[in-house]
Structure formats: structure tokens, C-alpha cells
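Q: Below you'll find my_file.tsv; it's TSV, C-alpha atoms (C1' of nucleotides).
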chain	number	residue	atom	x	y	z
A	1426	MET	CA	-19.89	48.96	-1.65
A	1427	ASP	CA	-16.57	48.52	-0.01
A	1428	ALA	CA	-16.34	45.09	-1.55
A	1429	ALA	CA	-17.58	42.06	0.37
A	1430	GLU	CA	-17.08	43.65	3.75
A	1431	GLY	CA	-15.36	40.56	5.04
A	1432	PRO	CA	-12.72	40.52	7.76
A	1433	ALA	CA	-10.86	43.01	5.60
A	1434	LYS	CA	-7.92	43.93	7.80
A	1435	PRO	CA	-7.71	42.18	11.15
A	1436	LEU	CA	-7.99	44.52	14.08
A	1437	GLY	CA	-6.03	42.38	16.49
A	1438	LYS	CA	-6.79	39.41	18.71
A	1439	VAL	CA	-8.28	41.38	21.54
A	1440	LEU	CA	-10.42	43.59	19.35
A	1441	ASP	CA	-11.61	40.50	17.51
A	1442	PHE	CA	-12.69	38.84	20.72
A	1443	MET	CA	-14.44	42.01	21.74
A	1444	ARG	CA	-16.32	42.02	18.47
A	1445	LEU	CA	-17.42	38.50	19.31
A	1446	ILE	CA	-18.79	39.58	22.65
A	1447	TRP	CA	-20.48	42.48	20.94
A	1448	ALA	CA	-22.01	40.17	18.38
A	1449	LEU	CA	-23.44	38.02	21.12
A	1450	ASP	CA	-24.81	41.05	22.85
A	1451	HIS	CA	-26.38	42.43	19.72
A	1452	GLY	CA	-27.77	39.06	18.77
A	1453	LEU	CA	-29.46	38.98	22.12
A	1454	GLN	CA	-31.06	42.35	21.62
A	1455	SER	CA	-32.00	41.67	18.08
A	1456	LEU	CA	-33.79	38.48	19.05
A	1457	SER	CA	-35.38	40.27	21.96
A	1458	LYS	CA	-36.92	42.70	19.50
A	1459	ARG	CA	-38.23	39.90	17.34
A	1460	MET	CA	-39.59	38.09	20.38
A	1461	GLN	CA	-41.52	41.17	21.29
A	1462	ALA	CA	-43.16	41.05	17.91
A	1463	SER	CA	-43.76	37.29	17.84
A	1464	ILE	CA	-44.70	36.33	21.39
A	1465	GLY	CA	-45.26	39.73	22.95
A	1466	LEU	CA	-42.41	39.50	25.45
A	1467	THR	CA	-38.87	40.84	25.24
A	1468	GLY	CA	-35.95	38.63	26.22
A	1469	PRO	CA	-35.54	39.98	29.74
A	1470	GLN	CA	-39.29	39.98	30.30
A	1471	ARG	CA	-39.52	36.34	29.35
A	1472	VAL	CA	-36.60	35.20	31.46
A	1473	ALA	CA	-38.04	37.05	34.43
A	1474	LEU	CA	-41.37	35.39	33.85
A	1475	ARG	CA	-39.77	31.97	33.47
A	1476	VAL	CA	-37.79	32.22	36.67
A	1477	LEU	CA	-40.82	33.60	38.45
A	1478	GLY	CA	-42.72	30.52	37.42
A	1479	ARG	CA	-40.19	28.33	39.17
A	1480	ARG	CA	-39.78	30.48	42.27
A	1481	PRO	CA	-43.20	31.81	43.22
A	1482	GLY	CA	-43.03	34.31	46.04
A	1483	ILE	CA	-39.43	35.29	45.29
A	1484	SER	CA	-38.50	38.83	46.31
A	1485	ALA	CA	-37.52	41.51	43.83
A	1486	GLY	CA	-33.97	41.71	45.11
A	1487	THR	CA	-33.42	37.97	44.91
A	1488	LEU	CA	-34.80	37.87	41.40
A	1489	ALA	CA	-32.46	40.69	40.43
A	1490	ASN	CA	-29.58	38.59	41.72
A	1491	VAL	CA	-30.66	35.51	39.84
A	1492	LEU	CA	-30.97	37.48	36.63
A	1493	ARG	CA	-27.86	39.48	37.46
A	1494	LEU	CA	-29.79	42.64	36.86
A	1495	HIS	CA	-29.51	45.92	38.67
A	1496	PRO	CA	-32.53	46.31	40.94
A	1497	SER	CA	-33.55	49.50	39.21
A	1498	THR	CA	-33.54	47.70	35.89
A	1499	LEU	CA	-35.77	44.98	37.23
A	1500	THR	CA	-38.22	47.58	38.49
A	1501	GLY	CA	-38.95	48.64	34.94
A	1502	ILE	CA	-39.28	45.11	33.64
A	1503	LEU	CA	-41.65	44.13	36.44
A	1504	HIS	CA	-43.63	47.28	35.90
A	1505	ARG	CA	-44.26	46.35	32.27
A	1506	LEU	CA	-45.12	42.76	33.13
A	1507	GLU	CA	-47.50	43.95	35.83
A	1508	ARG	CA	-49.09	46.53	33.57
A	1509	ARG	CA	-49.96	43.69	31.23
A	1510	GLY	CA	-51.43	41.55	33.95
A	1511	LEU	CA	-48.80	38.81	33.88
A	1512	VAL	CA	-47.24	39.40	37.27
A	1513	ARG	CA	-48.61	40.31	40.67
A	1514	ARG	CA	-46.66	42.37	43.18
A	1515	THR	CA	-47.48	41.96	46.85
A	1516	ARG	CA	-45.99	43.75	49.79
A	1517	ASP	CA	-44.66	41.17	52.27
A	1518	PRO	CA	-46.67	41.59	55.50
A	1519	GLU	CA	-43.73	40.26	57.52
A	1520	ASP	CA	-41.31	42.82	56.19
A	1521	ARG	CA	-43.07	45.58	54.40
A	1522	ARG	CA	-39.98	46.70	52.52
A	1523	ARG	CA	-40.02	43.47	50.59
A	1524	VAL	CA	-42.03	42.83	47.46
A	1525	ARG	CA	-43.20	39.30	46.80
A	1526	LEU	CA	-43.65	38.34	43.17
A	1527	ALA	CA	-45.85	35.78	41.51
A	1528	LEU	CA	-47.35	35.01	38.14
A	1529	THR	CA	-50.99	35.61	37.47
A	1530	ALA	CA	-53.08	33.04	35.62
A	1531	ARG	CA	-52.34	34.91	32.39
A	1532	GLY	CA	-48.66	34.87	33.24
A	1533	ARG	CA	-48.67	31.15	33.89
A	1534	GLN	CA	-50.06	30.54	30.43
A	1535	LEU	CA	-46.91	32.05	28.94
A	1536	ASP	CA	-44.58	30.10	31.23
A	1537	VAL	CA	-43.91	27.32	28.74
A	1538	PRO	CA	-41.12	26.41	26.33
A	1539	THR	CA	-41.69	28.37	23.16
A	1540	PRO	CA	-39.92	28.22	19.82
A	1541	GLY	CA	-38.17	31.39	18.77
A	1542	THR	CA	-37.07	32.45	22.23
A	1543	VAL	CA	-33.51	32.98	23.41
A	1544	GLU	CA	-33.99	29.90	25.53
A	1545	ALA	CA	-34.94	27.79	22.53
A	1546	VAL	CA	-32.10	29.07	20.37
A	1547	VAL	CA	-29.45	28.53	23.02
A	1548	LYS	CA	-30.84	25.09	23.74
A	1549	ARG	CA	-30.65	24.16	20.07
A	1550	VAL	CA	-27.10	25.46	19.61
A	1551	LEU	CA	-25.77	23.85	22.77
A	1552	ALA	CA	-27.34	20.56	21.80
A	1553	GLY	CA	-25.21	20.60	18.67
A	1554	ILE	CA	-21.94	21.03	20.51
A	1555	PRO	CA	-20.28	18.32	22.59
A	1556	ALA	CA	-20.38	19.07	26.30
A	1557	GLU	CA	-16.62	18.88	26.62
A	1558	ARG	CA	-16.41	21.86	24.31
A	1559	VAL	CA	-19.17	23.83	25.95
A	1560	ARG	CA	-17.75	23.60	29.44
A	1561	PRO	CA	-14.41	25.30	28.70
A	1562	ALA	CA	-16.21	27.93	26.71
A	1563	ALA	CA	-18.44	28.61	29.68
A	1564	GLU	CA	-15.41	28.97	31.89
A	1565	VAL	CA	-13.76	31.47	29.59
A	1566	LEU	CA	-17.01	33.38	29.43
A	1567	ALA	CA	-17.30	33.38	33.18
A	1568	ALA	CA	-13.73	34.61	33.55
A	1569	VAL	CA	-14.29	37.51	31.19
A	1570	ALA	CA	-17.59	38.38	32.79
A	1571	ALA	CA	-16.07	38.35	36.26
A	1572	ALA	CA	-13.18	40.54	35.16
A	1573	LEU	CA	-15.53	43.03	33.57
A	1574	LEU	CA	-17.62	43.32	36.71
A	1575	GLU	CA	-14.75	43.51	39.11
A	1576	LYS	CA	-14.36	47.06	40.28
A	1577	PRO	CA	-10.87	48.53	40.57
A	1578	ALA	CA	-11.49	49.37	44.23
A	1579	SER	CA	-8.71	51.90	43.86
A	1580	ALA	CA	-10.54	54.21	41.52
A	1581	ARG	CA	-11.17	56.70	44.25
A	1582	HIS	CA	-9.36	59.99	43.87
A	1583	GLN	CA	-9.07	60.24	40.10
A	1584	ARG	CA	-11.36	62.59	38.22
A	1585	ALA	CA	-11.99	62.76	34.50
A	1586	PRO	CA	-10.25	65.99	33.67
A	1587	GLY	CA	-11.32	66.47	30.13
A	1588	PRO	CA	-14.46	66.28	28.05
A	1589	LYS	CA	-17.31	66.16	30.41
A	1590	GLY	CA	-16.79	64.03	33.47
A	1591	ARG	CA	-20.47	63.76	34.30
A	1592	ALA	CA	-21.69	66.36	36.75
A	1593	PRO	CA	-22.82	65.06	40.15
A	1594	VAL	CA	-26.48	65.47	39.32
A	1595	THR	CA	-27.57	67.76	42.19
A	1596	ARG	CA	-31.23	67.00	41.67
A	1597	ARG	CA	-32.71	70.25	40.35
B	1291	MET	CA	-31.69	37.66	53.39
B	1292	ASP	CA	-32.49	34.49	51.61
B	1293	ALA	CA	-29.28	32.96	52.91
B	1294	ALA	CA	-26.10	33.26	50.91
B	1295	GLU	CA	-27.84	33.70	47.60
B	1296	GLY	CA	-25.61	31.12	45.98
B	1297	PRO	CA	-26.66	28.92	43.09
B	1298	ALA	CA	-29.52	27.89	45.34
B	1299	LYS	CA	-31.53	25.63	43.08
B	1300	PRO	CA	-30.12	25.11	39.61
B	1301	LEU	CA	-32.35	26.43	36.88
B	1302	GLY	CA	-31.17	24.08	34.19
B	1303	LYS	CA	-28.26	23.89	31.80
B	1304	VAL	CA	-29.71	26.19	29.20
B	1305	LEU	CA	-30.87	28.81	31.67
B	1306	ASP	CA	-27.46	28.66	33.33
B	1307	PHE	CA	-25.71	29.33	30.05
B	1308	MET	CA	-28.09	32.17	29.39
B	1309	ARG	CA	-27.23	33.66	32.75
B	1310	LEU	CA	-23.61	33.50	31.68
B	1311	ILE	CA	-24.31	35.45	28.55
B	1312	TRP	CA	-26.32	37.89	30.58
B	1313	ALA	CA	-23.48	38.29	33.03
B	1314	LEU	CA	-21.13	39.08	30.19
B	1315	ASP	CA	-23.57	41.56	28.80
B	1316	HIS	CA	-24.12	43.28	32.11
B	1317	GLY	CA	-20.41	43.32	32.88
B	1318	LEU	CA	-19.92	45.11	29.62
B	1319	GLN	CA	-22.46	47.76	30.47
B	1320	SER	CA	-21.30	48.11	34.01
B	1321	LEU	CA	-17.75	48.73	32.88
B	1322	SER	CA	-19.00	51.07	30.20
B	1323	LYS	CA	-20.59	53.19	32.92
B	1324	ARG	CA	-17.39	53.25	34.94
B	1325	MET	CA	-15.38	54.13	31.85
B	1326	GLN	CA	-17.61	57.08	31.29
B	1327	ALA	CA	-16.72	58.30	34.74
B	1328	SER	CA	-13.02	57.54	34.53
B	1329	ILE	CA	-11.98	58.34	30.98
B	1330	GLY	CA	-15.03	60.18	29.72
B	1331	LEU	CA	-15.97	57.64	27.07
B	1332	THR	CA	-18.47	54.79	27.16
B	1333	GLY	CA	-17.49	51.36	25.87
B	1334	PRO	CA	-19.10	51.73	22.44
B	1335	GLN	CA	-17.80	55.27	22.09
B	1336	ARG	CA	-14.27	54.15	22.76
B	1337	VAL	CA	-14.35	51.19	20.42
B	1338	ALA	CA	-15.73	53.39	17.70
B	1339	LEU	CA	-12.97	55.88	18.31
B	1340	ARG	CA	-10.32	53.15	18.34
B	1341	VAL	CA	-11.44	51.64	15.08
B	1342	LEU	CA	-11.76	55.08	13.56
B	1343	GLY	CA	-8.14	55.71	14.43
B	1344	ARG	CA	-7.10	52.70	12.39
B	1345	ARG	CA	-9.44	53.28	9.47
B	1346	PRO	CA	-9.50	57.01	8.79
B	1347	GLY	CA	-12.04	57.94	6.16
B	1348	ILE	CA	-14.20	54.89	6.79
B	1349	SER	CA	-17.88	55.32	6.02
B	1350	ALA	CA	-20.59	55.19	8.67
B	1351	GLY	CA	-22.12	52.05	7.22
B	1352	THR	CA	-18.83	50.20	7.10
B	1353	LEU	CA	-18.03	51.17	10.65
B	1354	ALA	CA	-21.44	49.92	11.72
B	1355	ASN	CA	-20.59	46.59	10.13
B	1356	VAL	CA	-17.23	46.36	11.81
B	1357	LEU	CA	-18.77	47.10	15.19
B	1358	ARG	CA	-21.80	44.97	14.35
B	1359	LEU	CA	-24.02	47.83	15.27
B	1360	HIS	CA	-27.27	48.87	13.70
B	1361	PRO	CA	-26.68	52.00	11.62
B	1362	SER	CA	-29.20	53.93	13.65
B	1363	THR	CA	-27.35	53.04	16.83
B	1364	LEU	CA	-24.10	54.28	15.39
B	1365	THR	CA	-25.73	57.56	14.47
B	1366	GLY	CA	-26.27	58.35	18.13
B	1367	ILE	CA	-22.78	57.32	19.18
B	1368	LEU	CA	-21.18	59.40	16.45
B	1369	HIS	CA	-23.40	62.30	17.33
B	1370	ARG	CA	-22.08	62.32	20.90
B	1371	LEU	CA	-18.47	61.92	19.79
B	1372	GLU	CA	-18.88	64.76	17.35
B	1373	ARG	CA	-20.61	66.98	19.87
B	1374	ARG	CA	-17.50	66.64	22.04
B	1375	GLY	CA	-15.13	67.45	19.21
B	1376	LEU	CA	-13.52	64.02	18.94
B	1377	VAL	CA	-14.82	63.02	15.53
B	1378	ARG	CA	-15.37	64.86	12.28
B	1379	ARG	CA	-18.12	63.94	9.84
B	1380	THR	CA	-17.66	64.81	6.19
B	1381	ARG	CA	-20.02	64.24	3.34
B	1382	ASP	CA	-18.25	62.24	0.61
B	1383	PRO	CA	-18.11	64.48	-2.50
B	1384	GLU	CA	-18.05	61.40	-4.74
B	1385	ASP	CA	-21.25	59.97	-3.31
B	1386	ARG	CA	-23.06	62.50	-1.24
B	1387	ARG	CA	-25.12	59.91	0.59
B	1388	ARG	CA	-21.97	58.66	2.26
B	1389	VAL	CA	-20.46	60.10	5.40
B	1390	ARG	CA	-16.70	59.92	5.81
B	1391	LEU	CA	-15.44	59.74	9.38
B	1392	ALA	CA	-12.17	60.78	10.94
B	1393	LEU	CA	-10.74	61.66	14.32
B	1394	THR	CA	-9.96	65.23	15.23
B	1395	ALA	CA	-6.71	66.13	16.97
B	1396	ARG	CA	-8.54	65.83	20.29
B	1397	GLY	CA	-9.85	62.45	19.26
B	1398	ARG	CA	-6.41	61.21	18.31
B	1399	GLN	CA	-5.16	62.02	21.77
B	1400	LEU	CA	-7.61	59.51	23.22
B	1401	ASP	CA	-6.75	56.81	20.66
B	1402	VAL	CA	-4.23	55.02	22.89
B	1403	PRO	CA	-4.26	51.91	25.06
B	1404	THR	CA	-5.71	52.87	28.40
B	1405	PRO	CA	-6.03	50.89	31.62
B	1406	GLY	CA	-9.54	50.30	32.82
B	1407	THR	CA	-11.12	49.92	29.39
B	1408	VAL	CA	-12.93	46.89	28.05
B	1409	GLU	CA	-10.01	46.42	25.73
B	1410	ALA	CA	-7.54	46.33	28.61
B	1411	VAL	CA	-9.64	43.95	30.68
B	1412	VAL	CA	-10.23	41.50	27.85
B	1413	LYS	CA	-6.56	41.64	26.95
B	1414	ARG	CA	-5.56	40.83	30.49
B	1415	VAL	CA	-8.01	37.95	30.86
B	1416	LEU	CA	-7.17	36.40	27.51
B	1417	ALA	CA	-3.46	36.64	28.32
B	1418	GLY	CA	-4.08	34.39	31.30
B	1419	ILE	CA	-5.77	31.64	29.31
B	1420	PRO	CA	-3.96	29.29	26.92
B	1421	ALA	CA	-4.83	29.94	23.31
B	1422	GLU	CA	-6.03	26.40	22.75
B	1423	ARG	CA	-8.75	27.09	25.29
B	1424	VAL	CA	-9.67	30.50	23.95
B	1425	ARG	CA	-10.17	29.36	20.39
B	1426	PRO	CA	-12.91	26.79	21.08
B	1427	ALA	CA	-14.60	29.26	23.37
B	1428	ALA	CA	-14.57	31.80	20.59
B	1429	GLU	CA	-16.14	29.27	18.26
B	1430	VAL	CA	-18.94	28.45	20.67
B	1431	LEU	CA	-19.53	32.14	21.16
B	1432	ALA	CA	-19.65	32.69	17.43
B	1433	ALA	CA	-22.09	29.83	16.98
B	1434	VAL	CA	-24.47	31.18	19.60
B	1435	ALA	CA	-24.18	34.70	18.27
B	1436	ALA	CA	-24.91	33.56	14.73
B	1437	ALA	CA	-27.90	31.55	15.84
B	1438	LEU	CA	-29.31	34.48	17.76
B	1439	LEU	CA	-29.00	36.79	14.78
B	1440	GLU	CA	-30.36	34.36	12.26
B	1441	LYS	CA	-33.87	35.35	11.35
B	1442	PRO	CA	-36.52	32.67	10.97
B	1443	ALA	CA	-37.34	33.89	7.45
B	1444	SER	CA	-40.69	32.21	7.88
B	1445	ALA	CA	-42.03	34.48	10.57
B	1446	ARG	CA	-44.37	36.18	8.20
B	1447	HIS	CA	-48.05	35.52	8.82
B	1448	GLN	CA	-48.13	34.91	12.57
B	1449	ARG	CA	-49.45	37.61	14.84
B	1450	ALA	CA	-49.12	37.91	18.60
B	1451	PRO	CA	-52.68	37.20	19.67
B	1452	GLY	CA	-52.51	37.98	23.32
B	1453	PRO	CA	-51.23	40.69	25.59
B	1454	LYS	CA	-50.32	43.56	23.42
B	1455	GLY	CA	-48.77	42.51	20.17
B	1456	ARG	CA	-47.16	45.85	19.53
B	1457	ALA	CA	-49.21	48.06	17.28
B	1458	PRO	CA	-47.72	48.66	13.84
B	1459	VAL	CA	-46.65	52.16	14.77
B	1460	THR	CA	-48.66	54.14	12.21
B	1461	ARG	CA	-46.74	57.30	12.96
B	1462	ARG	CA	-49.18	59.48	14.88
C	563	DC	C1'	-37.65	54.70	73.91
C	564	DG	C1'	-35.60	57.40	70.29
C	565	DT	C1'	-31.92	58.08	67.11
C	566	DT	C1'	-28.73	56.15	63.76
C	567	DT	C1'	-27.66	52.65	60.41
C	568	DT	C1'	-28.89	49.24	57.18
C	569	DT	C1'	-31.77	47.09	53.91
C	570	DT	C1'	-35.32	47.14	49.96
C	571	DG	C1'	-37.12	48.93	46.29
C	572	DT	C1'	-38.20	52.98	43.23
C	573	DT	C1'	-37.22	57.30	40.62
C	574	DT	C1'	-34.26	60.03	37.71
C	575	DG	C1'	-30.74	60.79	34.17
C	576	DA	C1'	-27.78	59.66	30.38
C	577	DG	C1'	-26.73	56.22	27.08
C	578	DG	C1'	-27.20	52.15	24.16
C	579	DT	C1'	-30.09	49.15	21.11
C	580	DC	C1'	-32.98	47.55	17.46
C	581	DA	C1'	-36.56	48.05	13.89
C	582	DA	C1'	-39.56	50.76	11.11
C	583	DA	C1'	-40.27	54.90	8.73
C	584	DT	C1'	-38.12	58.89	6.38
C	585	DT	C1'	-35.11	61.63	3.59
C	586	DA	C1'	-31.68	62.24	0.19
C	587	DA	C1'	-28.79	60.75	-3.43
C	588	DT	C1'	-27.56	57.35	-6.89
C	589	DT	C1'	-28.31	53.76	-10.11
C	590	DC	C1'	-31.33	51.01	-13.22
C	591	DC	C1'	-33.75	50.59	-17.07
C	592	DA	C1'	-37.64	51.31	-20.36
D	310	DT	C1'	-34.67	61.51	-20.38
D	311	DG	C1'	-37.35	60.32	-16.52
D	312	DG	C1'	-39.64	57.56	-13.30
D	313	DA	C1'	-38.67	53.23	-10.35
D	314	DA	C1'	-35.66	50.66	-7.50
D	315	DT	C1'	-31.78	50.79	-4.47
D	316	DT	C1'	-28.59	52.47	-1.07
D	317	DA	C1'	-26.81	55.54	2.90
D	318	DA	C1'	-27.80	57.69	6.81
D	319	DT	C1'	-31.07	59.80	10.19
D	320	DT	C1'	-35.30	60.17	13.00
D	321	DT	C1'	-38.70	58.13	16.02
D	322	DG	C1'	-40.45	54.91	19.48
D	323	DA	C1'	-40.14	51.54	23.03
D	324	DC	C1'	-37.11	49.04	25.95
D	325	DC	C1'	-33.02	47.84	28.62
D	326	DT	C1'	-29.09	49.28	31.46
D	327	DC	C1'	-26.45	51.13	35.16
D	328	DA	C1'	-25.55	54.36	38.90
D	329	DA	C1'	-26.86	57.92	42.05
D	330	DA	C1'	-30.33	59.79	44.83
D	331	DC	C1'	-34.55	58.88	47.46
D	332	DA	C1'	-38.12	57.04	50.38
D	333	DA	C1'	-39.79	53.74	53.54
D	334	DA	C1'	-39.34	50.23	56.74
D	335	DA	C1'	-36.74	47.43	59.89
D	336	DA	C1'	-32.79	46.55	62.81
D	337	DA	C1'	-29.12	48.18	65.96
D	338	DC	C1'	-27.86	50.39	69.70
D	339	DG	C1'	-27.45	54.25	73.14
What does the file become when written as C-alpha cells?
A:
Amino acid sequence: MDAAEGPAKPLGKVLDFMRLIWALDHGLQSLSKRMQASIGLTGPQRVALRVLGRRPGISAGTLANVLRLHPSTLTGILHRLERRGLVRRTRDPEDRRRVRLALTARGRQLDVPTPGTVEAVVKRVLAGIPAERVRPAAEVLAAVAAALLEKPASARHQRAPGPKGRAPVTRR
Amino acid sequence: MDAAEGPAKPLGKVLDFMRLIWALDHGLQSLSKRMQASIGLTGPQRVALRVLGRRPGISAGTLANVLRLHPSTLTGILHRLERRGLVRRTRDPEDRRRVRLALTARGRQLDVPTPGTVEAVVKRVLAGIPAERVRPAAEVLAAVAAALLEKPASARHQRAPGPKGRAPVTRR
DNA sequence: CGTTTTTTGTTTGAGGTCAAATTAATTCCA
DNA sequence: TGGAATTAATTTGACCTCAAACAAAAAACG
């Protein structure tokens, strides 16, 4: 079957680095799937729960910032956690737009270090690498992440002329 | 609103590194969305197309390996590329299980370096960092990615006792 | 006051992702 | 030869993701 499927022909430095990012990404999702089977929580669900444990009463928007998630993404995650009785949502009486979040008793039971989570794996790997090697890596990562998120700011006028361009929705 | 929303209270070294990975991940998806609007291709679609341009006749499985994608994920991506007339799928006459992939003329037109793609951004960022700093970063990345993908191999018997445990499907 | 603007969070839509289950074709081997 | 493994790709199901569009509440301001 196509031999050993090794590096075969190199695709170029940039493409190789991209494959690395992709691998990380896919590893994350793969483990998330396995976590769902083993501990009953996906990766994002568990991180949300963990942070919630350390910041009781945090608002949804702030949590989205901490997790660097789009608010609408967090809505779904919280919905699933709430549906399973791990998280409680409360409307802030002071400012009724805000939603205050907290763990339930059931949720607190899961807020502990657990083998087989992303947290545990990253902890183990980082422990095996000298800090002076991790720090530069983190900086490179941060630089790439920042560049990816940074919007062109000048991408105003241009329209995708060809294939499909995504219609403006129009809400049927 | 919760002040400047800075680092606030640190969440720990491991959690911080995880946030970094998350940021990378989200940056990737964010840019993918913008690419869809600007050039009409998502990130994965474009990488698939790019690789396809350099490996005409590659099989679906091999491409999935190169992109480190699950075969079932690739199926969807190829389906969308094909639907838009950018990719052609051909059953291999030698081994009719195999699917041979190639770009159409339309697809070849898009197989060029383009500003605003993940490729372009990564290229630009990497160009600004000395190679002797990129290499170690790549190694750390690879180590984390490998650890995330590595299956416990011993996760047989255990069952998720609590919340939901994910029913074994059973195909309704 | 009442209207406009801003802020918070949710809903909707299109894609991406994995794993498990399926289908189809090929290879193994008794 | 013919059934049993194996391999390639697809389908199905549940989740995550972003962005755009909304809805609701609060703040600004006239």
C-alpha cells in the first residue's frame, strides 16, 4: 500500500510546519473523543469545567475569553454541561444580561486531575522537556496564533467572484 | 467589564500551554472562515487542493495520511471540492476499492500561492523567526502532538460510570 | 423621559472532526 | 474453488467552531 507512507517527498518547509499544526489539532480532537468515552467529558467541556472550578461566578463572556472561544461556541458547551447537571446558569440580578456560572455538586466531583485528559498528557510531555526549550516553542506558537487571528482590516471591498462566495443568509 | 481581561490570575503552566494550543487551533478555524469568504475555499479544502496539485493521481487514503485527517473527514472535504468542479474522483481500474484523485482545470487555476491563506500567514511568520528557534519549537510541537494521538492501548475494560457514558450506538 | 447605541448572550447555518458501523473489492488460505 | 480476513472508502452520529443575525437589557444622551 503505497509503501511505508513515510515522508515520501517533502512538501516544503511551510507545508511541513502546517502539517505539524494540523497534527496537534487532530491529536486534540482525537483525544477529546477518547475522553468522552473514558470520563464522559470532551476536551472543551473539561477545560470549561476546570476553569469554572477556579473562577466560580464567572460570566459567560469572560469564560469565553479565557478559553479563547467564540461566545456562540461556549453556549453549546455550557448547554451540554448544564443538561447533564454539572453546571448551573444564573441570571445576574445586578445586570440581567449577564449569566453567572458555577459548578454543581456533581460538577465539583469531576473537577480533579484525571489521567487520560489533555491536561494530563500535556503536563507529562512538558515535564519531559527542559523549560528553556519549552519557552521558545511557546513564543513561536504564540506568534503563529496571533498572526492567524489577526484580521487584514483591509479586506473590505473585495468579493469572492467565483465558486460560491457564501450568500448573505437573508434569514428565510 | 471585568476590567481589562488580561491574564488576570494565572491558571498554571500546563493550562497556559493548553490555552496556547487552543489559540492556535482557533486561529486556524477563524482564518479558515475568512478564507471561505475571500477565496472561496476553507483551510482544509485549500490544503487538500494544494497537495493534490503536487501529487496527481494520489489515492484518498494516502491523501488522508498526508493531511493527517481521518478518512471519513476527507470524504466530506472531497465531496465539497468535487461538487464545485475543482476535483475529479476516479475509481482505480487496477483496484476498484481505490479512488484516484486529480484536479480539474478549474481546480488547477486555484493551485497557486495566494495572500491571506494559512500557507501565506505561516510562511510570513516563519520567515521572521530564525531557523534555530523554529526547529526546537517544531520538535516540541511534534512531541505534544504524538503524545495526544498515542492511544493508551490499555483502555479496554473501564466504563464511564457517571453522567452519560455514551451509549454504544446500536444503530437505531 | 424616550430614543439610540452598546453590551451580553443565544440561535442559525455551513463546515470540520473523529469513531463506529457499513459496503465493496481484494487477498489469504484451507 | 470458496469462505474468511483484510483493506479502501463512505455513511451516520454527536460535537466543536466561527460568523452573522437576533433578542434582551442596560447605558448614553437628547
Q: For chain A, list the residues within 10 Å of chain C, counting only C-alpha atoms (C1' of nucleotides), and write the list as a list in words.
A: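 Interface list for chain A against chain C: Asp1450, His1451, Gln1454, Ser1455, Leu1456, Ser1457, Lys1458, Arg1459, Ser1484, Ala1485, Gly1486, Pro1496, Ser1497, Leu1499, Thr1500, Gly1501, Asp1520, Arg1521, Arg1522, Arg1523, Val1524, Arg1591, Val1594 and Arg1596 of chain A.
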Q: Please provide as a list in words all residues within 9 Å of Leu1393 of chain B, with the sequence filter that same-chain residues fewer than 6 positions apart are discarded (counting all atoms listed in the file).
A: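 Result of the neighbour search: Leu1339, Leu1342, Gly1343, Pro1346, Gly1375, Leu1376, Val1377, Arg1378, Arg1379 and Asp1401 of chain B.
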Q: Those residues you just picked out, can you put them in a file as a PDB file, in the frame of the given file with C-alpha atoms?
A:
ATOM      1  CA  LEU B1339     -12.970  55.880  18.310  1.00  0.00           C
ATOM      2  CA  LEU B1342     -11.760  55.080  13.560  1.00  0.00           C
ATOM      3  CA  GLY B1343      -8.140  55.710  14.430  1.00  0.00           C
ATOM      4  CA  PRO B1346      -9.500  57.010   8.790  1.00  0.00           C
ATOM      5  CA  GLY B1375     -15.130  67.450  19.210  1.00  0.00           C
ATOM      6  CA  LEU B1376     -13.520  64.020  18.940  1.00  0.00           C
ATOM      7  CA  VAL B1377     -14.820  63.020  15.530  1.00  0.00           C
ATOM      8  CA  ARG B1378     -15.370  64.860  12.280  1.00  0.00           C
ATOM      9  CA  ARG B1379     -18.120  63.940   9.840  1.00  0.00           C
ATOM     10  CA  ASP B1401      -6.750  56.810  20.660  1.00  0.00           C
TER      11      ASP B1401
END
Q: Could you list, as an MDAnalysis selection string, the residues of chain A having an atom within 6 Å of chain B when counting all atoms listed in the file?
A: chainID A and resid 1439 1448:1449 1452 1463:1465 1548 1562 1570 1573:1574 1585 1590
Q: Just how far from atom CA of Ile1502 of chain A is atom CA of Gln1335 of chain B, in Å to one decimal?
A: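 These atoms are spaced 26.4 Å apart.
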Q: For atom CA of Leu1400 of chain B and atom CA of Ala1354 of chain B, determine how far apart the two atoms are, in Å to one decimal place.
A: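 Rounded to one decimal, the two atoms are 20.4 Å apart.
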Q: I need the contact residues of chain D against chain A, so if you could list those with any atom within 9 Å, counting all atoms listed in the file, and return them as a ChimeraX atom specification, that would help.
A: /D:324-327,329-330,333-335
Q: Could you jot down the atom CA of Ala1421 of chain B to atom CA of Leu1353 of chain B separation for me, Å, one decimal place?
A: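 Separation of atom CA of Ala1421 of chain B and atom CA of Leu1353 of chain B: 28.0 Å.
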